[in-house]
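So this one's final-v7.txt, compact mmCIF, C-alpha atoms:
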```txt
# COMPACT_ATOMS: atom_id res chain seq x y z
CA MET A 1 124.77 120.46 130.11
CA SER A 2 122.83 117.68 131.83
CA ARG A 3 119.11 117.55 131.15
CA PRO A 4 116.38 115.32 132.59
CA LEU A 5 115.39 112.19 130.72
CA ARG A 6 112.05 112.51 128.96
CA PHE A 7 109.66 110.01 127.42
CA GLY A 8 107.38 110.39 124.42
CA LEU A 9 104.93 107.99 122.81
CA PHE A 10 103.76 107.36 119.25
CA VAL A 11 99.98 107.17 119.45
CA PRO A 12 97.96 104.77 117.26
CA GLN A 13 97.41 106.50 113.94
CA GLY A 14 96.92 103.60 111.52
CA TRP A 15 100.21 103.76 109.59
CA ILE A 16 101.49 100.52 111.10
CA LEU A 17 98.03 98.88 111.12
CA ASP A 18 97.66 99.73 114.80
CA LEU A 19 93.99 100.68 114.33
CA ALA A 20 93.00 97.75 112.12
CA ALA A 21 91.27 95.91 114.98
CA ILE A 22 88.76 98.80 115.21
CA LYS A 23 86.47 99.03 112.19
CA ASP A 24 84.60 102.32 112.56
CA PRO A 25 86.76 105.34 111.60
CA VAL A 26 85.15 107.54 114.25
CA GLU A 27 85.96 104.95 116.91
CA GLN A 28 89.48 104.67 115.49
CA PHE A 29 90.03 108.39 115.97
CA GLU A 30 88.50 108.28 119.42
CA ALA A 31 90.94 105.49 120.31
CA LEU A 32 93.81 107.72 119.17
CA VAL A 33 92.48 110.54 121.36
CA ARG A 34 91.91 108.18 124.30
CA VAL A 35 95.51 106.93 124.22
CA THR A 36 96.78 110.52 123.96
CA ARG A 37 94.78 111.68 126.95
CA ARG A 38 95.84 108.65 128.97
CA ALA A 39 99.51 109.27 128.11
CA GLU A 40 99.06 112.82 129.37
CA ALA A 41 97.50 111.60 132.61
CA LEU A 42 100.27 109.03 133.13
CA GLY A 43 103.00 111.65 132.89
CA PHE A 44 104.45 111.17 129.41
CA ASP A 45 106.16 114.29 128.14
CA SER A 46 104.94 114.10 124.54
CA VAL A 47 102.94 112.23 121.93
CA TRP A 48 104.00 111.76 118.32
CA LEU A 49 102.52 111.19 114.88
CA PHE A 50 103.97 109.76 111.68
CA ASP A 51 103.64 111.98 108.62
CA HIS A 52 102.37 109.37 106.17
CA PHE A 53 99.30 108.99 104.00
CA HIS A 54 98.82 105.25 103.81
CA THR A 55 100.10 102.14 105.51
CA TYR A 56 103.62 100.76 105.72
CA PHE A 57 105.27 98.67 104.55
CA LYS A 58 102.60 97.38 102.21
CA PRO A 59 99.94 99.93 101.19
CA VAL A 60 96.53 98.47 102.05
CA LEU A 61 93.01 99.86 102.42
CA GLU A 62 93.25 100.68 106.11
CA THR A 63 92.97 103.94 108.03
CA THR A 64 95.95 106.29 108.28
CA PHE A 65 95.06 109.65 109.83
CA GLU A 66 96.86 112.69 108.38
CA ALA A 67 99.51 114.07 110.71
CA TRP A 68 99.02 117.82 110.82
CA THR A 69 95.24 117.90 111.03
CA THR A 70 95.54 115.30 113.78
CA THR A 71 98.19 117.42 115.52
CA ALA A 72 95.75 120.34 115.52
CA ALA A 73 92.95 118.17 116.89
CA LEU A 74 95.12 116.78 119.68
CA ALA A 75 96.18 120.32 120.58
CA ARG A 76 92.57 120.98 121.56
CA GLU A 77 91.97 117.57 123.17
CA THR A 78 94.81 117.96 125.70
CA SER A 79 96.17 120.57 128.08
CA ARG A 80 99.72 119.66 129.13
CA ILE A 81 101.38 117.08 126.91
CA ARG A 82 103.53 118.19 123.97
CA ILE A 83 102.59 117.11 120.44
CA GLY A 84 104.93 116.49 117.50
CA GLN A 85 105.49 114.77 114.17
CA MET A 86 108.30 112.27 113.68
CA VAL A 87 108.88 113.65 111.18
CA THR A 88 107.12 115.91 108.70
CA GLY A 89 108.05 114.96 105.13
CA ASN A 90 109.47 118.18 103.77
CA ALA A 91 108.29 117.75 100.17
CA TYR A 92 104.67 117.13 101.13
CA ARG A 93 104.02 120.80 101.90
CA ASN A 94 105.43 124.14 100.85
CA PRO A 95 107.77 125.18 103.70
CA ALA A 96 106.29 128.66 104.04
CA LEU A 97 102.82 127.16 104.38
CA LEU A 98 104.20 124.57 106.82
CA ALA A 99 105.70 127.34 108.97
CA LYS A 100 102.31 129.07 109.00
CA MET A 101 100.56 125.82 109.97
CA ALA A 102 103.07 125.24 112.76
CA SER A 103 102.61 128.76 114.12
CA THR A 104 98.85 128.31 114.17
CA VAL A 105 99.08 124.94 115.97
CA ASP A 106 101.53 126.41 118.48
CA VAL A 107 98.91 129.01 119.38
CA MET A 108 96.12 126.40 119.44
CA SER A 109 98.14 124.29 121.88
CA HIS A 110 99.21 127.28 124.01
CA GLY A 111 102.85 126.59 123.13
CA ARG A 112 103.07 122.79 123.15
CA LEU A 113 104.16 122.06 119.57
CA ASP A 114 107.31 120.11 118.75
CA PHE A 115 108.13 120.60 115.08
CA GLY A 116 109.66 117.53 113.44
CA ILE A 117 111.00 117.60 109.88
CA GLY A 118 113.05 115.39 107.58
CA ALA A 119 113.91 114.94 103.92
CA GLY A 120 111.29 112.23 103.25
CA TRP A 121 111.87 108.71 101.93
CA TYR A 122 108.68 106.72 101.23
CA GLU A 123 108.82 106.66 97.41
CA HIS A 124 105.58 104.73 96.93
CA GLU A 125 103.71 107.44 98.81
CA TYR A 126 105.26 110.21 96.71
CA SER A 127 104.23 108.44 93.50
CA ALA A 128 100.73 107.62 94.74
CA TYR A 129 100.01 111.23 95.66
CA GLY A 130 101.68 112.75 92.62
CA TYR A 131 104.76 114.26 94.26
CA ASP A 132 108.10 114.27 92.50
CA PHE A 133 110.65 112.00 94.18
CA PRO A 134 114.11 113.39 93.40
CA ASP A 135 117.28 111.60 94.44
CA THR A 136 118.53 111.70 98.02
CA PRO A 137 121.07 114.53 97.57
CA THR A 138 118.37 116.71 96.01
CA ARG A 139 115.86 115.97 98.77
CA LEU A 140 118.49 116.90 101.35
CA ARG A 141 119.28 120.16 99.58
CA MET A 142 115.55 120.91 99.53
CA LEU A 143 115.41 120.23 103.27
CA GLY A 144 118.28 122.65 103.87
CA GLU A 145 116.47 125.41 101.98
CA ALA A 146 113.16 124.60 103.67
CA LEU A 147 114.71 125.01 107.12
CA GLN A 148 115.93 128.45 106.12
CA VAL A 149 112.48 129.42 104.86
CA ILE A 150 110.79 128.15 108.01
CA HIS A 151 113.18 129.98 110.31
CA ARG A 152 112.65 133.22 108.40
CA MET A 153 108.87 132.79 108.53
CA TRP A 154 109.11 132.41 112.31
CA ARG A 155 111.56 135.29 112.74
CA ASP A 156 111.11 138.06 110.19
CA PRO A 157 108.20 140.52 109.94
CA TYR A 158 108.29 140.17 106.15
CA ALA A 159 110.08 136.96 105.23
CA SER A 160 112.02 136.67 101.97
CA PHE A 161 114.22 133.94 100.59
CA GLU A 162 115.54 133.10 97.12
CA GLY A 163 116.87 129.60 96.65
CA ARG A 164 117.11 126.92 94.01
CA TYR A 165 113.96 125.11 95.15
CA TYR A 166 111.99 127.64 97.21
CA ARG A 167 111.36 131.36 97.15
CA ILE A 168 109.25 133.70 99.23
CA SER A 169 108.92 137.46 98.98
CA GLY A 170 107.68 139.55 101.88
CA ALA A 171 105.65 136.72 103.38
CA ILE A 172 103.72 137.68 106.52
CA ASN A 173 103.27 135.04 109.21
CA GLU A 174 101.14 136.33 112.08
CA PRO A 175 100.83 135.16 114.73
CA LYS A 176 104.26 133.58 114.78
CA GLY A 177 103.38 131.22 117.61
CA VAL A 178 103.72 131.17 121.37
CA GLN A 179 107.14 129.62 122.03
CA THR A 180 110.22 131.79 121.72
CA PRO A 181 112.20 132.04 119.62
CA HIS A 182 110.07 129.35 117.91
CA PRO A 183 108.81 125.78 118.45
CA PRO A 184 111.66 123.29 118.98
CA VAL A 185 112.87 121.92 115.65
CA TRP A 186 113.44 118.15 115.59
CA VAL A 187 115.57 117.09 112.63
CA GLY A 188 115.11 113.41 111.81
CA GLY A 189 117.82 111.24 110.28
CA ALA A 190 121.37 110.05 110.88
CA GLY A 191 123.14 110.97 107.64
CA GLU A 192 126.56 112.27 108.64
CA GLN A 193 127.42 114.54 105.73
CA VAL A 194 124.17 116.52 105.47
CA THR A 195 121.36 115.62 107.89
CA LEU A 196 123.39 115.85 111.09
CA LYS A 197 124.98 119.04 109.79
CA LEU A 198 121.51 120.54 109.29
CA ALA A 199 120.56 119.43 112.81
CA ALA A 200 123.64 121.16 114.20
CA LYS A 201 122.89 124.36 112.29
CA TYR A 202 119.11 124.64 112.47
CA GLY A 203 117.81 122.06 114.93
CA ASP A 204 117.05 121.97 118.61
CA VAL A 205 116.76 118.19 118.76
CA THR A 206 118.32 115.43 116.71
CA ASN A 207 116.46 112.14 116.25
CA PHE A 208 117.75 108.81 114.99
CA GLY A 209 117.83 105.19 116.07
CA GLY A 210 117.25 101.58 115.14
CA HIS A 211 120.60 100.09 116.26
CA LEU A 212 119.84 98.51 119.61
CA ASP A 213 122.44 95.83 118.95
CA ASP A 214 125.27 98.41 118.78
CA MET A 215 125.41 101.22 121.31
CA GLY A 216 128.73 102.30 119.83
CA TRP A 217 126.77 103.43 116.77
CA TYR A 218 125.13 106.16 118.87
CA ALA A 219 128.45 107.29 120.33
CA HIS A 220 129.84 107.65 116.82
CA LYS A 221 126.87 109.74 115.69
CA PHE A 222 127.27 112.02 118.70
CA ASP A 223 130.94 112.51 117.76
CA VAL A 224 129.85 113.54 114.27
CA ILE A 225 127.31 115.99 115.70
CA ARG A 226 129.96 117.51 117.96
CA GLY A 227 132.17 118.10 114.94
CA HIS A 228 129.38 119.79 113.00
CA CYS A 229 128.50 121.96 116.00
CA GLU A 230 132.10 123.09 116.29
CA THR A 231 132.11 123.98 112.59
CA VAL A 232 129.03 126.22 112.94
CA GLY A 233 130.16 127.65 116.29
CA ARG A 234 127.52 126.01 118.42
CA ASP A 235 127.68 124.28 121.79
CA PRO A 236 126.67 120.64 121.12
CA ALA A 237 125.12 120.49 124.61
CA GLU A 238 122.35 122.71 123.27
CA LEU A 239 121.04 119.83 121.16
CA THR A 240 118.70 117.30 122.76
CA ARG A 241 119.50 113.73 121.69
CA SER A 242 116.40 111.68 120.99
CA THR A 243 115.68 108.23 119.63
CA ASN A 244 112.60 106.20 118.71
CA VAL A 245 112.46 102.73 120.25
CA GLU A 246 110.13 100.08 118.87
CA THR A 247 108.87 98.41 122.03
CA THR A 248 106.87 95.22 122.43
CA LEU A 249 106.13 94.69 126.12
CA ILE A 250 105.60 90.98 126.76
CA ARG A 251 103.16 90.20 129.55
CA ALA A 252 101.82 86.95 130.97
CA GLY A 253 100.19 84.86 128.26
CA ASP A 254 101.65 86.84 125.34
CA ASP A 255 103.19 85.03 122.39
CA PRO A 256 106.03 87.21 121.00
CA GLU A 257 105.74 85.68 117.52
CA VAL A 258 102.04 86.49 117.30
CA LEU A 259 102.23 89.86 119.04
CA THR A 260 104.93 91.23 116.74
CA ARG A 261 103.72 89.71 113.48
CA THR A 262 102.34 92.89 111.94
CA TYR A 263 105.21 95.03 113.17
CA ARG A 264 107.96 92.67 112.00
CA ARG A 265 106.74 92.88 108.40
CA ASP A 266 108.94 90.36 106.53
CA GLN A 267 111.53 89.96 109.31
CA THR A 268 112.03 87.02 111.62
CA LEU A 269 111.62 87.67 115.32
CA GLU A 270 115.39 87.54 115.80
CA GLU A 271 115.96 90.02 112.98
CA TYR A 272 113.33 92.31 114.46
CA ARG A 273 115.06 92.21 117.83
CA GLU A 274 118.16 93.83 116.29
CA HIS A 275 116.33 97.15 116.23
CA ALA A 276 113.32 96.60 118.52
CA ILE A 277 112.75 95.50 122.10
CA VAL A 278 110.66 92.38 122.56
CA GLY A 279 110.56 91.35 126.20
CA GLY A 280 109.24 91.85 129.71
CA PRO A 281 109.53 95.02 131.78
CA GLN A 282 113.12 94.35 132.88
CA ALA A 283 114.27 93.80 129.29
CA VAL A 284 112.71 97.14 128.33
CA ILE A 285 114.28 98.88 131.33
CA ASP A 286 117.71 97.42 130.56
CA THR A 287 117.66 98.53 126.93
CA TYR A 288 116.38 102.02 127.71
CA GLY A 289 119.12 102.25 130.34
CA ARG A 290 121.81 101.37 127.81
CA LEU A 291 120.50 104.08 125.48
CA VAL A 292 120.63 106.65 128.28
CA ASP A 293 124.17 105.56 129.16
CA ALA A 294 125.08 105.99 125.48
CA GLY A 295 123.97 109.63 125.64
CA ILE A 296 120.27 109.61 124.74
CA ASP A 297 118.16 112.01 126.82
CA TYR A 298 114.77 111.67 125.09
CA ILE A 299 113.20 108.26 124.38
CA ILE A 300 110.12 108.03 122.17
CA ILE A 301 108.35 104.70 122.54
CA SER A 302 106.97 103.45 119.22
CA ASP A 303 105.32 100.48 117.52
CA VAL A 304 103.66 99.18 120.69
CA PRO A 305 101.38 96.23 119.86
CA GLY A 306 97.97 96.53 121.47
CA LEU A 307 98.31 100.22 122.28
CA ALA A 308 94.89 101.14 120.85
CA THR A 309 92.92 98.26 122.33
CA THR A 310 94.60 96.98 125.51
CA ASP A 311 96.03 98.31 128.76
CA VAL A 312 99.65 98.00 127.66
CA LEU A 313 100.14 101.74 128.15
CA GLU A 314 99.25 101.33 131.81
CA SER A 315 101.83 98.56 132.07
CA LEU A 316 104.56 100.72 130.52
CA ALA A 317 103.77 103.54 132.93
CA ALA A 318 103.59 101.27 135.98
CA ASP A 319 106.36 98.75 135.27
CA VAL A 320 108.96 100.61 133.16
CA LEU A 321 108.94 104.38 133.62
CA PRO A 322 109.36 104.35 137.44
CA ALA A 323 112.81 102.79 136.97
CA PHE A 324 113.92 106.13 135.50
CA ALA A 325 112.26 108.41 138.05
CA SER A 326 115.51 109.85 139.36
CA ARG A 327 116.83 110.55 135.86
CA ARG A 328 113.56 112.15 134.83
CA ALA A 329 113.79 114.49 137.81
CA GLY A 330 117.20 115.67 136.56
```

Please render this file's structure as structure tokens.
Amino acid sequence: MSRPLRFGLFVPQGWILDLAAIKDPVEQFEALVRVTRRAEALGFDSVWLFDHFHTYFKPVLETTFEAWTTTAALARETSRIRIGQMVTGNAYRNPALLAKMASTVDVMSHGRLDFGIGAGWYEHEYSAYGYDFPDTPTRLRMLGEALQVIHRMWRDPYASFEGRYYRISGAINEPKGVQTPHPPVWVGGAGEQVTLKLAAKYGDVTNFGGHLDDMGWYAHKFDVIRGHCETVGRDPAELTRSTNVETTLIRAGDDPEVLTRTYRRDQTLEEYREHAIVGGPQAVIDTYGRLVDAGIDYIIISDVPGLATTDVLESLAADVLPAFASRRAG
């Protein structure tokens, strides 16, 4: 199954200090909304939010807007563009409640919700907010149960489930949402033994990335997904293949070292370039093209310096996206 190439965009939310240049929190939120509306007008397919509570990689006293309340707000601030989380941290919310929240937002958006979920990983955040942080195998088992709970909440009139970590008994979830059979489920992560198996069994979209220096890595992951799909009796072509791409668009007068400083964290510029694009429009086009050739059909542009305060979004839309017009048309 061949599907058109689509583009999403992480909007400035504060998690990567992308709102720090704006001091008033109301103006920060309005900047987030402004970028979202502009992305909609420029033809992006979706906008995305991180599900985190404070900044990365060093927690500092800077704004980070909460993902699901922001998702709900953006649902009412837009009319066409899809809205998702990349990805919801499973342990942060009871899965039955999360399914109810998602159903409500799907109605609020008139059926434009993309539902992202993963096992969670940011230990400092868990500790700061008082959540238990079990080991990775346990968090993955919890994710597997949560996906079952969520699917039942979206499907059954009276949802019940009895597991090791979660249980529900006759839970009513009305309305169940607008999209049928439910909002698309984006499973985040590249773990071959569990995460990709969960994506094959319960997901509609798989999302992973960060290896721009090795396109063979993506081909290998797709082979793993195909194997898991065969095991569960599913056509692997049903799964959309998405990736997040950290993208610094260099324009006249830009200094790459300065522009990427916050986003590189403790990495050198060369180290950062192993998993992020830092270059002019043609460099961005070339890398996106290699990802598409490797099998990716949904690119989510992330970590864009200046997104909240400059016209870099206009440059991406004018100088990069048109190169993929024929692929976007299908």

Once 4 Å is added on each side, what are the centre and the three edge lengths, in Å to one decimal, of the axis-aligned box enclosing the listed atoms of region 136-153 of chain A? Present them as JSON.
```
{"center_x": 115.0, "center_y": 122.5, "center_z": 103.2, "size_x": 20.2, "size_y": 29.5, "size_z": 22.3}
```

(message) Between CA of His228 (chain A) and CA of Trp186 (chain A), what distance in Å does the model show, to one decimal?
(response)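 Pair CA of His228 (chain A) / CA of Trp186 (chain A) returns 16.2 Å.
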
As a JSON list (two decimals) with C-alpha atoms, in the coordinates of the input, please: the residues near Val33 (chain A) (cut-off 12 Å, only C-alpha atoms, same-chain neighbours under 4 positions excluded).
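File written: result.json
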```
[["chain", "number", "residue", "atom", "x", "y", "z"],
["A", 10, "PHE", "CA", 103.76, 107.36, 119.25],
["A", 11, "VAL", "CA", 99.98, 107.17, 119.45],
["A", 12, "PRO", "CA", 97.96, 104.77, 117.26],
["A", 13, "GLN", "CA", 97.41, 106.50, 113.94],
["A", 26, "VAL", "CA", 85.15, 107.54, 114.25],
["A", 27, "GLU", "CA", 85.96, 104.95, 116.91],
["A", 28, "GLN", "CA", 89.48, 104.67, 115.49],
["A", 29, "PHE", "CA", 90.03, 108.39, 115.97],
["A", 37, "ARG", "CA", 94.78, 111.68, 126.95],
["A", 38, "ARG", "CA", 95.84, 108.65, 128.97],
["A", 39, "ALA", "CA", 99.51, 109.27, 128.11],
["A", 40, "GLU", "CA", 99.06, 112.82, 129.37],
["A", 47, "VAL", "CA", 102.94, 112.23, 121.93],
["A", 48, "TRP", "CA", 104.00, 111.76, 118.32],
["A", 49, "LEU", "CA", 102.52, 111.19, 114.88],
["A", 65, "PHE", "CA", 95.06, 109.65, 109.83],
["A", 70, "THR", "CA", 95.54, 115.30, 113.78],
["A", 71, "THR", "CA", 98.19, 117.42, 115.52],
["A", 72, "ALA", "CA", 95.75, 120.34, 115.52],
["A", 73, "ALA", "CA", 92.95, 118.17, 116.89],
["A", 74, "LEU", "CA", 95.12, 116.78, 119.68],
["A", 75, "ALA", "CA", 96.18, 120.32, 120.58],
["A", 76, "ARG", "CA", 92.57, 120.98, 121.56],
["A", 77, "GLU", "CA", 91.97, 117.57, 123.17],
["A", 78, "THR", "CA", 94.81, 117.96, 125.70],
["A", 307, "LEU", "CA", 98.31, 100.22, 122.28],
["A", 308, "ALA", "CA", 94.89, 101.14, 120.85]]
```

(request) Tell me, as a ChimeraX atom specification, which residues lie within 9 Å of region 178-185 of chain A, counting all atoms listed in the file; anything in the same chain fewer than 4 positions away does not count. (result) /A:102-103,106-107,109-117,151,154-155,199,202-206

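Nearest-residue note for Gly216 (chain A): choosing from A:Leu316, A:Asp24, A:Glu270, A:Ala294, the minimum distance belongs to A:Ala294, counting all atoms listed in the file.
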
(message) What's around Asn244 (chain A) at 8 Å? Count only C-alpha atoms, leave out sequence neighbours fewer than 5 positions away in its own chain, and write the answer as a PyMOL selection string.
(response) chain A and resi 207-210+299-302

Against region 230-243 of chain A, which residues of region 291-313 of chain A fall within 6 Å? For each one I want the closest pair of atoms and the distance in Å (one decimal), counting all atoms listed in the file, rows by chain and increasing residue number, as a Markdown table.
```
| residue | atom | partner | partner_atom | distance |
| --- | --- | --- | --- | --- |
| A:Ile296 | CA | A:Arg241 | CA | 5.2 |
| A:Asp297 | CA | A:Arg241 | CA | 5.6 |
| A:Tyr298 | CA | A:Ser242 | CA | 4.4 |
| A:Ile299 | CA | A:Thr243 | CA | 5.4 |
```

Can you write out the residues you just picked, keeping C-alpha atoms, as a PDB file, in the coordinates of the input?
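Written output follows (result.pdb):
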```pdb
ATOM      1  CA  ILE A 296     120.270 109.610 124.740  1.00  0.00           C
ATOM      2  CA  ASP A 297     118.160 112.010 126.820  1.00  0.00           C
ATOM      3  CA  TYR A 298     114.770 111.670 125.090  1.00  0.00           C
ATOM      4  CA  ILE A 299     113.200 108.260 124.380  1.00  0.00           C
TER       5      ILE A 299
END
```

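Look at everything within 6 Å of (130.0, 113.4, 110.1) using all atoms listed in the file, and the residues you get are Glu192, Gln193 and Val224 of chain A.
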
(message) Excluding Thr247 (chain A) and its own-chain neighbours fewer than 4 positions away, which residues fall within 12 Å of it when counting all atoms listed in the file? Please give them as a PyMOL selection string.
(response) chain A and resi 9-10+210+212+256+259-260+263-264+272-281+283-285+287-288+299-307+312-313+316+320

(request) Go through A:Glu257, A:Asp213, A:Gly144, A:Gly118 one by one, measure the shortest atom-to-atom distance of each to Lys201 (chain A) using all atoms listed in the file, and give the residue with the smallest value. (result) A:Gly144

(message) Around the point (121.9, 109.2, 134.0) (coordinates from the file), which residues reach within 9 Å if we count only C-alpha atoms? Answer as a ChimeraX atom specification.
(response) /A:2,4-5,289,292-293,295,297,324,326-328,330
